[in-house]
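**Q** Following this line is my_file.cif, made up of mmCIF, C-alpha atoms and all ligand atoms:
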```cif
data_structure
#
loop_
_atom_site.group_PDB
_atom_site.id
_atom_site.type_symbol
_atom_site.label_atom_id
_atom_site.label_comp_id
_atom_site.auth_asym_id
_atom_site.auth_seq_id
_atom_site.Cartn_x
_atom_site.Cartn_y
_atom_site.Cartn_z
ATOM 1 C CA MET R 1 -21.648 217.801 107.051
ATOM 2 C CA LEU R 2 -21.882 221.046 105.056
ATOM 3 C CA ARG R 3 -19.069 223.483 105.816
ATOM 4 C CA LEU R 4 -18.715 227.045 104.495
ATOM 5 C CA GLN R 5 -15.333 228.631 104.009
ATOM 6 C CA ARG R 6 -14.142 231.935 102.584
ATOM 7 C CA THR R 7 -10.526 232.280 101.529
ATOM 8 C CA GLY R 8 -8.599 235.563 101.524
ATOM 9 C CA ALA R 9 -9.156 235.920 97.759
ATOM 10 C CA MET R 10 -12.927 236.112 98.240
ATOM 11 C CA PRO R 11 -14.548 239.440 99.166
ATOM 12 C CA PHE R 12 -17.836 237.512 99.211
ATOM 13 C CA GLY R 13 -19.081 233.974 98.547
ATOM 14 C CA TYR R 14 -18.254 230.614 100.058
ATOM 15 C CA GLU R 15 -16.576 227.379 99.155
ATOM 16 C CA ILE R 16 -18.821 224.570 100.370
ATOM 17 C CA SER R 17 -17.215 221.337 101.486
ATOM 18 C CA GLY R 18 -18.441 218.174 103.170
ATOM 19 C CA VAL R 19 -21.054 217.598 100.449
ATOM 20 C CA ASP R 20 -21.064 214.920 97.729
ATOM 21 C CA ILE R 21 -23.876 215.827 95.348
ATOM 22 C CA ASN R 22 -23.565 212.535 93.449
ATOM 23 C CA ALA R 23 -24.267 210.594 96.654
ATOM 24 C CA GLY R 24 -27.519 212.555 97.098
ATOM 25 C CA ILE R 25 -28.150 215.501 99.390
ATOM 26 C CA ASP R 26 -30.830 215.741 102.032
ATOM 27 C CA ALA R 27 -33.280 218.587 102.590
ATOM 28 C CA ALA R 28 -31.185 220.199 105.332
ATOM 29 C CA THR R 29 -28.110 220.293 103.073
ATOM 30 C CA ARG R 30 -30.122 221.765 100.189
ATOM 31 C CA ALA R 31 -31.507 224.411 102.518
ATOM 32 C CA GLY R 32 -27.986 225.199 103.745
ATOM 33 C CA ILE R 33 -26.731 225.634 100.178
ATOM 34 C CA ALA R 34 -29.756 227.784 99.274
ATOM 35 C CA ARG R 35 -29.198 230.036 102.327
ATOM 36 C CA ALA R 36 -25.520 230.542 101.461
ATOM 37 C CA PHE R 37 -26.401 231.191 97.811
ATOM 38 C CA ASP R 38 -29.086 233.770 98.691
ATOM 39 C CA SER R 39 -26.983 235.610 101.218
ATOM 40 C CA GLU R 40 -23.578 235.493 99.470
ATOM 41 C CA GLY R 41 -24.289 235.418 95.740
ATOM 42 C CA VAL R 42 -21.603 232.825 94.902
ATOM 43 C CA VAL R 43 -21.040 229.327 96.286
ATOM 44 C CA PHE R 44 -18.918 226.555 94.846
ATOM 45 C CA LEU R 45 -18.082 222.921 95.500
ATOM 46 C CA ARG R 46 -14.939 221.171 94.254
ATOM 47 C CA ARG R 47 -14.568 217.582 92.963
ATOM 48 C CA GLN R 48 -18.222 216.909 92.091
ATOM 49 C CA ALA R 49 -17.938 215.990 88.372
ATOM 50 C CA LEU R 50 -21.708 215.947 87.907
ATOM 51 C CA SER R 51 -23.177 214.117 84.942
ATOM 52 C CA PRO R 52 -25.595 216.242 82.878
ATOM 53 C CA ALA R 53 -28.503 214.380 84.505
ATOM 54 C CA HIS R 54 -27.191 215.111 88.008
ATOM 55 C CA GLN R 55 -26.557 218.749 87.145
ATOM 56 C CA VAL R 56 -30.164 219.160 86.023
ATOM 57 C CA GLU R 57 -31.454 217.348 89.125
ATOM 58 C CA PHE R 58 -29.241 219.405 91.458
ATOM 59 C CA SER R 59 -30.172 222.712 89.795
ATOM 60 C CA ARG R 60 -33.888 221.933 90.116
ATOM 61 C CA TYR R 61 -33.552 221.882 93.904
ATOM 62 C CA PHE R 62 -33.230 225.671 93.651
ATOM 63 C CA GLY R 63 -35.964 226.492 91.140
ATOM 64 C CA ASP R 64 -37.436 225.873 87.713
ATOM 65 C CA LEU R 65 -34.958 225.849 84.848
ATOM 66 C CA GLU R 66 -34.795 227.931 81.708
ATOM 67 C CA ILE R 67 -34.348 226.397 78.299
ATOM 68 C CA HIS R 68 -31.979 228.950 76.783
ATOM 69 C CA PHE R 69 -33.278 230.548 73.595
ATOM 70 C CA LEU R 70 -29.896 229.958 71.853
ATOM 71 C CA LYS R 71 -31.084 226.449 70.921
ATOM 72 C CA GLN R 72 -28.024 225.809 68.763
ATOM 73 C CA PHE R 73 -25.878 225.571 71.928
ATOM 74 C CA LEU R 74 -28.095 223.346 74.071
ATOM 75 C CA HIS R 75 -26.896 219.929 75.231
ATOM 76 C CA SER R 76 -28.325 217.351 72.836
ATOM 77 C CA ASP R 77 -29.852 215.167 75.586
ATOM 78 C CA TYR R 78 -30.472 217.782 78.294
ATOM 79 C CA PRO R 79 -31.857 221.004 76.779
ATOM 80 C CA GLU R 80 -31.770 222.623 80.238
ATOM 81 C CA ILE R 81 -27.972 222.737 79.800
ATOM 82 C CA LEU R 82 -26.351 225.472 77.737
ATOM 83 C CA VAL R 83 -22.934 224.293 76.569
ATOM 84 C CA ILE R 84 -20.235 226.966 76.703
ATOM 85 C CA SER R 85 -17.224 225.751 74.789
ATOM 86 C CA ASN R 86 -14.662 226.488 72.077
ATOM 87 C CA ILE R 87 -14.569 222.807 71.037
ATOM 88 C CA VAL R 88 -15.516 221.953 67.461
ATOM 89 C CA GLU R 89 -16.616 218.377 66.726
ATOM 90 C CA HIS R 90 -17.340 217.070 63.224
ATOM 91 C CA GLY R 91 -16.950 220.626 61.937
ATOM 92 C CA ARG R 92 -19.619 221.966 64.340
ATOM 93 C CA PRO R 93 -19.102 224.057 67.504
ATOM 94 C CA VAL R 94 -20.381 222.034 70.472
ATOM 95 C CA GLY R 95 -21.274 225.205 72.363
ATOM 96 C CA GLN R 96 -21.226 228.979 72.555
ATOM 97 C CA ALA R 97 -17.550 229.897 72.315
ATOM 98 C CA ASP R 98 -17.471 233.503 73.478
ATOM 99 C CA ALA R 99 -20.164 233.614 76.173
ATOM 100 C CA GLY R 100 -19.730 236.142 78.905
ATOM 101 C CA ARG R 101 -16.701 238.083 77.687
ATOM 102 C CA TYR R 102 -18.180 241.327 79.113
ATOM 103 C CA TRP R 103 -19.610 241.911 82.571
ATOM 104 C CA HIS R 104 -23.273 240.944 82.820
ATOM 105 C CA SER R 105 -25.945 239.042 84.733
ATOM 106 C CA ASP R 106 -27.721 236.310 82.822
ATOM 107 C CA LEU R 107 -30.733 237.132 80.666
ATOM 108 C CA THR R 108 -31.214 240.757 81.761
ATOM 109 C CA TYR R 109 -32.400 241.355 78.186
ATOM 110 C CA ALA R 110 -35.463 239.198 78.962
ATOM 111 C CA ALA R 111 -38.679 240.404 80.563
ATOM 112 C CA ALA R 112 -38.134 237.817 83.314
ATOM 113 C CA PRO R 113 -34.350 237.569 83.764
ATOM 114 C CA SER R 114 -32.643 234.643 85.408
ATOM 115 C CA ARG R 115 -32.593 234.208 89.171
ATOM 116 C CA GLY R 116 -29.331 232.281 89.249
ATOM 117 C CA SER R 117 -27.026 229.966 87.319
ATOM 118 C CA VAL R 118 -25.223 226.710 88.035
ATOM 119 C CA MET R 119 -22.026 226.018 86.113
ATOM 120 C CA CYS R 120 -20.129 222.733 86.004
ATOM 121 C CA ALA R 121 -16.547 222.647 84.749
ATOM 122 C CA VAL R 122 -16.199 219.682 82.391
ATOM 123 C CA GLU R 123 -12.904 220.555 80.660
ATOM 124 C CA VAL R 124 -10.613 223.297 81.970
ATOM 125 C CA PRO R 125 -7.699 224.596 79.883
ATOM 126 C CA ILE R 126 -4.278 224.813 81.536
ATOM 127 C CA ASN R 127 -1.064 226.658 80.722
ATOM 128 C CA ASP R 128 2.397 225.093 80.293
ATOM 129 C CA ALA R 129 2.939 225.211 84.045
ATOM 130 C CA GLY R 130 -0.330 223.316 84.662
ATOM 131 C CA ALA R 131 -2.190 226.353 86.020
ATOM 132 C CA PRO R 132 -5.844 226.738 85.007
ATOM 133 C CA LEU R 133 -6.887 229.260 82.348
ATOM 134 C CA GLY R 134 -10.350 230.528 81.454
ATOM 135 C CA ASP R 135 -11.195 231.865 84.923
ATOM 136 C CA THR R 136 -14.564 233.440 85.594
ATOM 137 C CA CYS R 137 -14.769 236.678 87.600
ATOM 138 C CA PHE R 138 -17.744 237.520 89.800
ATOM 139 C CA ALA R 139 -18.585 241.022 91.044
ATOM 140 C CA SER R 140 -20.951 241.612 93.941
ATOM 141 C CA ALA R 141 -23.381 244.312 92.848
ATOM 142 C CA ALA R 142 -24.804 244.141 96.398
ATOM 143 C CA LEU R 143 -21.489 245.078 98.034
ATOM 144 C CA ALA R 144 -21.160 247.757 95.343
ATOM 145 C CA TYR R 145 -24.596 249.175 96.198
ATOM 146 C CA ASP R 146 -23.754 249.219 99.916
ATOM 147 C CA ALA R 147 -20.583 251.208 99.117
ATOM 148 C CA LEU R 148 -22.451 254.004 97.269
ATOM 149 C CA ASP R 149 -22.880 257.212 99.218
ATOM 150 C CA ALA R 150 -26.384 258.048 100.430
ATOM 151 C CA ASP R 151 -26.858 260.765 97.778
ATOM 152 C CA MET R 152 -26.153 258.349 94.959
ATOM 153 C CA GLN R 153 -28.405 255.699 96.513
ATOM 154 C CA ARG R 154 -31.217 258.290 96.653
ATOM 155 C CA ARG R 155 -30.508 259.340 93.038
ATOM 156 C CA LEU R 156 -30.893 255.759 91.816
ATOM 157 C CA ASP R 157 -34.080 255.157 93.754
ATOM 158 C CA GLY R 158 -36.979 254.430 91.371
ATOM 159 C CA LEU R 159 -34.872 254.631 88.171
ATOM 160 C CA GLN R 160 -35.388 252.047 85.463
ATOM 161 C CA ALA R 161 -33.054 250.872 82.705
ATOM 162 C CA VAL R 162 -33.531 249.321 79.276
ATOM 163 C CA HIS R 163 -31.695 246.042 78.484
ATOM 164 C CA ARG R 164 -31.237 244.550 75.013
ATOM 165 C CA PHE R 165 -29.721 241.287 73.717
ATOM 166 C CA ASP R 166 -28.232 242.980 70.645
ATOM 167 C CA ALA R 167 -26.352 245.479 72.794
ATOM 168 C CA ARG R 168 -23.606 242.834 73.109
ATOM 169 C CA TYR R 169 -22.501 243.603 69.550
ATOM 170 C CA ARG R 170 -21.690 247.184 70.541
ATOM 171 C CA ARG R 171 -18.981 245.590 72.698
ATOM 172 C CA GLY R 172 -17.667 243.405 69.876
ATOM 173 C CA ALA R 173 -19.230 240.058 70.870
ATOM 174 C CA ALA R 174 -19.438 237.500 68.049
ATOM 175 C CA LYS R 175 -22.678 237.656 66.091
ATOM 176 C CA VAL R 176 -25.222 234.951 66.946
ATOM 177 C CA GLU R 177 -27.734 234.277 64.200
ATOM 178 C CA LEU R 178 -31.289 234.518 65.565
ATOM 179 C CA ASP R 179 -34.342 233.281 63.694
ATOM 180 C CA ALA R 180 -37.442 235.494 63.478
ATOM 181 C CA GLY R 181 -39.024 233.835 66.546
ATOM 182 C CA GLN R 182 -35.909 234.349 68.660
ATOM 183 C CA GLN R 183 -35.743 237.991 67.598
ATOM 184 C CA ALA R 184 -39.414 238.632 68.321
ATOM 185 C CA ALA R 185 -39.123 237.059 71.767
ATOM 186 C CA HIS R 186 -36.292 239.406 72.685
ATOM 187 C CA ALA R 187 -37.558 242.915 72.376
ATOM 188 C CA ASP R 188 -36.206 245.442 74.908
ATOM 189 C CA ALA R 189 -36.733 244.713 78.605
ATOM 190 C CA VAL R 190 -37.022 247.319 81.365
ATOM 191 C CA HIS R 191 -35.785 246.616 84.911
ATOM 192 C CA PRO R 192 -35.137 248.643 88.041
ATOM 193 C CA VAL R 193 -31.640 250.125 88.303
ATOM 194 C CA VAL R 194 -31.611 249.008 91.929
ATOM 195 C CA LEU R 195 -32.983 245.532 92.406
ATOM 196 C CA ARG R 196 -34.388 244.282 95.682
ATOM 197 C CA HIS R 197 -33.419 240.661 96.193
ATOM 198 C CA PRO R 198 -36.492 238.388 95.989
ATOM 199 C CA VAL R 199 -35.477 236.389 99.095
ATOM 200 C CA THR R 200 -33.269 238.583 101.287
ATOM 201 C CA GLY R 201 -34.565 242.030 100.270
ATOM 202 C CA ARG R 202 -30.951 243.195 99.907
ATOM 203 C CA ARG R 203 -30.407 245.923 97.289
ATOM 204 C CA SER R 204 -27.962 245.684 94.426
ATOM 205 C CA ILE R 205 -27.058 247.616 91.280
ATOM 206 C CA TYR R 206 -28.772 246.000 88.294
ATOM 207 C CA VAL R 207 -27.041 247.645 85.338
ATOM 208 C CA ASN R 208 -24.397 245.815 83.308
ATOM 209 C CA GLU R 209 -21.963 246.675 80.520
ATOM 210 C CA LEU R 210 -23.159 243.980 78.117
ATOM 211 C CA PHE R 211 -26.912 244.426 77.951
ATOM 212 C CA THR R 212 -27.939 247.758 79.540
ATOM 213 C CA VAL R 213 -28.504 250.401 76.870
ATOM 214 C CA SER R 214 -30.220 253.364 78.535
ATOM 215 C CA ILE R 215 -31.837 254.815 81.638
ATOM 216 C CA VAL R 216 -35.526 255.499 81.121
ATOM 217 C CA GLY R 217 -36.258 259.232 80.813
ATOM 218 C CA PHE R 218 -32.594 260.299 80.597
ATOM 219 C CA ALA R 219 -30.968 262.093 77.669
ATOM 220 C CA GLU R 220 -28.606 259.750 75.810
ATOM 221 C CA LYS R 221 -25.407 261.365 77.111
ATOM 222 C CA ASP R 222 -26.562 261.374 80.758
ATOM 223 C CA SER R 223 -27.807 257.841 80.392
ATOM 224 C CA ARG R 224 -24.482 256.566 79.022
ATOM 225 C CA HIS R 225 -22.578 258.466 81.679
ATOM 226 C CA LEU R 226 -24.575 256.944 84.552
ATOM 227 C CA ILE R 227 -24.442 253.409 83.107
ATOM 228 C CA ASP R 228 -20.659 253.639 82.615
ATOM 229 C CA GLU R 229 -20.192 255.049 86.128
ATOM 230 C CA LEU R 230 -22.268 252.281 87.721
ATOM 231 C CA CYS R 231 -20.606 249.508 85.690
ATOM 232 C CA ALA R 232 -17.130 250.764 86.610
ATOM 233 C CA HIS R 233 -18.171 250.934 90.272
ATOM 234 C CA VAL R 234 -19.686 247.402 90.432
ATOM 235 C CA THR R 235 -16.566 245.826 88.934
ATOM 236 C CA ARG R 236 -14.024 247.515 91.219
ATOM 237 C CA ALA R 237 -11.388 245.027 92.397
ATOM 238 C CA GLU R 238 -12.618 245.021 95.995
ATOM 239 C CA PHE R 239 -16.013 243.621 94.919
ATOM 240 C CA VAL R 240 -14.584 240.918 92.623
ATOM 241 C CA TYR R 241 -13.887 237.236 93.236
ATOM 242 C CA ARG R 242 -11.929 235.491 90.451
ATOM 243 C CA HIS R 243 -12.665 231.770 90.296
ATOM 244 C CA LYS R 244 -9.904 229.418 89.114
ATOM 245 C CA TRP R 245 -11.744 226.410 87.768
ATOM 246 C CA GLN R 246 -10.847 222.801 88.374
ATOM 247 C CA PRO R 247 -12.536 220.012 86.401
ATOM 248 C CA GLY R 248 -15.490 218.787 88.446
ATOM 249 C CA ASP R 249 -16.271 222.185 90.043
ATOM 250 C CA VAL R 250 -19.889 223.171 90.549
ATOM 251 C CA LEU R 251 -20.407 226.900 91.054
ATOM 252 C CA MET R 252 -23.705 228.728 91.589
ATOM 253 C CA TRP R 253 -24.121 232.462 91.220
ATOM 254 C CA ASP R 254 -27.061 234.684 91.966
ATOM 255 C CA ASN R 255 -27.969 236.824 88.955
ATOM 256 C CA CYS R 256 -29.820 239.274 91.222
ATOM 257 C CA THR R 257 -26.723 240.321 93.142
ATOM 258 C CA VAL R 258 -23.743 239.196 91.055
ATOM 259 C CA GLN R 259 -22.327 240.030 87.630
ATOM 260 C CA HIS R 260 -19.816 237.779 85.906
ATOM 261 C CA LEU R 261 -17.134 237.921 83.237
ATOM 262 C CA ALA R 262 -15.402 235.038 81.423
ATOM 263 C CA ILE R 263 -11.661 235.457 80.787
ATOM 264 C CA GLY R 264 -10.811 234.304 77.237
ATOM 265 C CA ASP R 265 -7.077 233.711 77.720
ATOM 266 C CA TYR R 266 -6.811 230.076 76.547
ATOM 267 C CA GLY R 267 -6.681 230.250 72.733
ATOM 268 C CA ASP R 268 -7.431 226.833 71.234
ATOM 269 C CA ALA R 269 -6.962 224.869 74.453
ATOM 270 C CA ARG R 270 -10.165 222.944 75.120
ATOM 271 C CA ARG R 271 -12.688 224.439 77.539
ATOM 272 C CA ARG R 272 -16.151 223.011 78.159
ATOM 273 C CA MET R 273 -18.622 224.264 80.750
ATOM 274 C CA HIS R 274 -22.229 223.205 81.309
ATOM 275 C CA LYS R 275 -24.592 225.889 82.520
ATOM 276 C CA THR R 276 -28.125 225.565 83.861
ATOM 277 C CA THR R 277 -30.110 228.711 84.523
ATOM 278 C CA LEU R 278 -32.791 229.196 87.181
ATOM 279 C CA LYS R 279 -35.921 231.008 86.066
ATOM 280 C CA GLY R 280 -36.476 234.424 87.553
ATOM 281 C CA ALA R 281 -39.296 236.944 87.354
ATOM 282 C CA ALA R 282 -40.064 240.472 86.225
ATOM 283 C CA TRP R 283 -38.266 242.127 89.146
ATOM 284 C CA ALA R 284 -40.199 244.782 91.024
ATOM 285 C CA SER R 285 -38.797 248.244 91.655
ATOM 286 C CA SER R 286 -36.582 248.812 94.685
HETATM 287 C C1 LIG R 301 -21.279 233.031 80.993
HETATM 288 O O1 LIG R 301 -22.118 232.362 81.566
HETATM 289 O O2 LIG R 301 -21.469 234.211 80.736
HETATM 290 C C2 LIG R 301 -19.935 232.393 80.639
HETATM 291 C C3 LIG R 301 -19.142 232.123 81.849
HETATM 292 C C4 LIG R 301 -17.892 231.327 81.551
HETATM 293 O O3 LIG R 301 -17.771 230.714 80.482
HETATM 294 O O4 LIG R 301 -17.002 231.323 82.387
#
```
Represent the structure contained in this file as structure tokens.
Ligand code: SIN
**A**
Amino acid sequence: MLRLQRTGAMPFGYEISGVDINAGIDAATRAGIARAFDSEGVVFLRRQALSPAHQVEFSRYFGDLEIHFLKQFLHSDYPEILVISNIVEHGRPVGQADAGRYWHSDLTYAAAPSRGSVMCAVEVPINDAGAPLGDTCFASAALAYDALDADMQRRLDGLQAVHRFDARYRRGAAKVELDAGQQAAHADAVHPVVLRHPVTGRRSIYVNELFTVSIVGFAEKDSRHLIDELCAHVTRAEFVYRHKWQPGDVLMWDNCTVQHLAIGDYGDARRRMHKTTLKGAAWASS
């Protein structure tokens, strides 16, 4: 039976237990997971060790899947899976090595950004004491919105922001070579600064340090100032859950209400994660 638990380290989100995805999950269990995901933004299950096929099947319970445009990092048999890894095999990186090193939600540079993501931990680096490295941090942009004062909430009402894939280089992310088609498909995208959740209607701040470049209609300085202020606010410690991975973990996050950040503290120790991404939509204004 599905059980939800929140430990002291979690300002939001649930660990789900009592579920074995590999054994098959019934409609009531899927609905329970979907409800927790929509309301909390992060849910995870330990000891699942899903095969790529099972990950794709499980992810599809929650929506249609993206095929990520970074084709060079897709799983060779399951293109719905983006491989995030520092492992090099036969002289070739098996995945994207530096994904997510700055706070962001997935695909906000696209006209229809992602609704949510499912990540499976295949190989997790450890330190000399056996403790896991390569944590992922999750910030609730919904809790952060709730904590804004009423004046600021009113100020943000109706604002829109521009998001851009290339903006990641401003932050020092490693260059990814895009072909002409990939570049053309990723012109600037404009989204509301405050996003209304497509299922719950809850509001959250939809501006992130990796991809958001400007606020529509603002002078550059004011735009930068507001983006920096909102990004600093969303990622305050009280809104952040830091996930310590174990091999076999399955973790889902909601890209409408949660931003994430990968901690690159593991050097050459092997890390391999498989990510599927749920399709979203062109989000309407708040
Ligand atoms: C990402 O999806 O941005 C990367 C997350 C991770 O590798 O922990």
**Q** Grab me every residue within 6 Å of ligand LIG 301 (chain R), counting only C-alpha atoms and all ligand atoms, and send it over as a list in words.
**A** Ile84, Ala99, Gly100, Thr136 and Ala262 of chain R
**Q** Translate the PyMOL selection byres (((chain R and resi 159) around 8) and not hetatm) into a concrete residue list for this structure, as a list in words.
**A**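 Taken over the shown coordinates, the PyMOL selection byres (((chain R and resi 159) around 8) and not hetatm) returns Leu156, Asp157, Gly158, Gln160, Ala161, Pro192, Val193, Val194, Ile215 and Val216 of chain R.
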**Q** May I ask which of the residues R:Tyr78, R:Trp283, R:Trp245, R:Phe138 is the closest one to Glu40 (chain R), counting all atoms listed in the file?
**A**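 When distances to Glu40 (chain R) are compared using all atoms listed in the file, the smallest one comes from R:Phe138.
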**Q** Give me the residues near Gly95 (chain R) as a list of chain:residue names, where near means some atom within 12 Å (using only C-alpha atoms) and where sequence neighbours in that chain fewer than 3 positions away do not count.
**A** R:Leu70, R:Lys71, R:Gln72, R:Phe73, R:Leu74, R:His75, R:Ser76, R:Ile81, R:Leu82, R:Val83, R:Ile84, R:Ser85, R:Asn86, R:Ile87, R:Val88, R:Glu89, R:Arg92, R:Asp98, R:Ala99, R:Val176, R:Arg270, R:Arg271, R:Arg272, R:Met273, R:His274, R:Lys275
**Q** My list of candidates is R:Thr108, R:Ser39, R:Ser17, R:Thr257. Which is closest to Ala144 (chain R) when distances are computed with all atoms listed in the file?
**A** R:Thr257
**Q** In Å to one decimal, how far is CA of Ala23 (chain R) from CA of Phe44 (chain R)?
**A**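 That distance, rounded to one decimal, is 16.9 Å.
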**Q** Report, in Å with one decimal, the straight-line distance from CA of Asp77 (chain R) to CA of His243 (chain R).
**A**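 We find that CA of Asp77 (chain R) and CA of His243 (chain R) lie 28.1 Å from each other.
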**Q** Please evaluate the PyMOL selection byres (((chain R and resi 6) around 12) and not hetatm) against the structure above and give the resulting residues as a list in words.
**A** Arg3, Leu4, Gln5, Thr7, Gly8, Ala9, Met10, Pro11, Phe12, Gly13, Tyr14, Glu15, Ile16, Ser17, Ala36, Glu40, Val42, Val43, Phe44 and Tyr241 of chain R
**Q** What's around Ala121 (chain R) at 6 Å? Count only C-alpha atoms, leave out sequence neighbours fewer than 2 positions away in its own chain, and write the answer as a PyMOL selection string.
**A** chain R and resi 123+247-249+273
**Q** Considering all atoms listed in the file, can you say which of R:Ala139, R:Ala34, R:Ala49, R:Val240 comes closest to Gly63 (chain R)?
**A**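 Of R:Ala139, R:Ala34, R:Ala49, R:Val240, the one nearest Gly63 (chain R) is R:Ala34, counting all atoms listed in the file.
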**Q** Could you check how far CA of Ala97 (chain R) sits from CA of Ile126 (chain R), in Å to one decimal?
**A**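 It comes out at 16.9 Å.
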**Q** How would you write, as a tab-separated table (two decimals) with C-alpha atoms, in the coordinates of the input, the residues chosen by the PyMOL selection byres (((chain R and resi 260) around 9) and not hetatm) on this structure?
**A**
```
chain	number	residue	atom	x	y	z
R	100	GLY	CA	-19.73	236.14	78.90
R	101	ARG	CA	-16.70	238.08	77.69
R	102	TYR	CA	-18.18	241.33	79.11
R	103	TRP	CA	-19.61	241.91	82.57
R	104	HIS	CA	-23.27	240.94	82.82
R	105	SER	CA	-25.94	239.04	84.73
R	106	ASP	CA	-27.72	236.31	82.82
R	136	THR	CA	-14.56	233.44	85.59
R	137	CYS	CA	-14.77	236.68	87.60
R	138	PHE	CA	-17.74	237.52	89.80
R	139	ALA	CA	-18.58	241.02	91.04
R	140	SER	CA	-20.95	241.61	93.94
R	253	TRP	CA	-24.12	232.46	91.22
R	255	ASN	CA	-27.97	236.82	88.96
R	258	VAL	CA	-23.74	239.20	91.06
R	259	GLN	CA	-22.33	240.03	87.63
R	261	LEU	CA	-17.13	237.92	83.24
R	262	ALA	CA	-15.40	235.04	81.42
```
**Q** Quick one: residues within 8 Å of region 228-237 of chain R, all atoms listed in the file, excluding same-chain residues fewer than 4 positions away - as a PDB file with C-alpha atoms, in the coordinates of the input?
**A**
```
ATOM      1  CA  ALA R 139     -18.585 241.022  91.044  1.00  0.00           C
ATOM      2  CA  SER R 140     -20.951 241.612  93.941  1.00  0.00           C
ATOM      3  CA  ALA R 141     -23.381 244.312  92.848  1.00  0.00           C
ATOM      4  CA  ALA R 144     -21.160 247.757  95.343  1.00  0.00           C
ATOM      5  CA  TYR R 145     -24.596 249.175  96.198  1.00  0.00           C
ATOM      6  CA  ILE R 205     -27.058 247.616  91.280  1.00  0.00           C
ATOM      7  CA  VAL R 207     -27.041 247.645  85.338  1.00  0.00           C
ATOM      8  CA  ASN R 208     -24.397 245.815  83.308  1.00  0.00           C
ATOM      9  CA  GLU R 209     -21.963 246.675  80.520  1.00  0.00           C
ATOM     10  CA  ARG R 224     -24.482 256.566  79.022  1.00  0.00           C
TER      11      ARG R 224
END
```
**Q** Generate all heavy atoms for region 86-90 of chain R and emit them as an mmCIF file, in the frame of the given file.
**A**
```cif
data_model
loop_
_atom_site.group_PDB
_atom_site.id
_atom_site.type_symbol
_atom_site.label_atom_id
_atom_site.label_comp_id
_atom_site.auth_asym_id
_atom_site.auth_seq_id
_atom_site.Cartn_x
_atom_site.Cartn_y
_atom_site.Cartn_z
ATOM 1 N N ASN R 86 -15.326 226.146 73.351
ATOM 2 C CA ASN R 86 -14.662 226.488 72.077
ATOM 3 C C ASN R 86 -14.374 225.222 71.257
ATOM 4 O O ASN R 86 -13.678 225.279 70.250
ATOM 5 C CB ASN R 86 -13.341 227.218 72.361
ATOM 6 C CG ASN R 86 -12.390 226.377 73.209
ATOM 7 O OD1 ASN R 86 -12.785 225.357 73.760
ATOM 8 N ND2 ASN R 86 -11.152 226.814 73.315
ATOM 9 N N ILE R 87 -14.881 224.079 71.710
ATOM 10 C CA ILE R 87 -14.569 222.807 71.037
ATOM 11 C C ILE R 87 -15.431 222.673 69.780
ATOM 12 O O ILE R 87 -16.629 222.995 69.798
ATOM 13 C CB ILE R 87 -14.825 221.624 71.997
ATOM 14 C CG1 ILE R 87 -13.909 221.752 73.224
ATOM 15 C CG2 ILE R 87 -14.613 220.284 71.285
ATOM 16 C CD1 ILE R 87 -14.223 220.795 74.354
ATOM 17 N N VAL R 88 -14.784 222.214 68.714
ATOM 18 C CA VAL R 88 -15.516 221.953 67.461
ATOM 19 C C VAL R 88 -15.441 220.454 67.200
ATOM 20 O O VAL R 88 -14.351 219.870 67.217
ATOM 21 C CB VAL R 88 -14.876 222.740 66.288
ATOM 22 C CG1 VAL R 88 -15.561 222.400 64.964
ATOM 23 C CG2 VAL R 88 -14.943 224.248 66.559
ATOM 24 N N GLU R 89 -16.590 219.821 67.019
ATOM 25 C CA GLU R 89 -16.616 218.377 66.726
ATOM 26 C C GLU R 89 -17.342 218.147 65.417
ATOM 27 O O GLU R 89 -18.436 218.694 65.220
ATOM 28 C CB GLU R 89 -17.330 217.623 67.858
ATOM 29 C CG GLU R 89 -16.374 217.224 68.972
ATOM 30 C CD GLU R 89 -17.082 216.724 70.234
ATOM 31 O OE1 GLU R 89 -18.321 216.527 70.201
ATOM 32 O OE2 GLU R 89 -16.393 216.553 71.245
ATOM 33 N N HIS R 90 -16.761 217.338 64.548
ATOM 34 C CA HIS R 90 -17.340 217.070 63.224
ATOM 35 C C HIS R 90 -17.670 218.380 62.511
ATOM 36 O O HIS R 90 -18.751 218.532 61.916
ATOM 37 C CB HIS R 90 -18.594 216.190 63.325
ATOM 38 C CG HIS R 90 -18.405 215.000 64.217
ATOM 39 N ND1 HIS R 90 -17.508 214.007 63.942
ATOM 40 C CD2 HIS R 90 -18.960 214.682 65.405
ATOM 41 C CE1 HIS R 90 -17.530 213.109 64.911
ATOM 42 N NE2 HIS R 90 -18.406 213.497 65.815
#
```
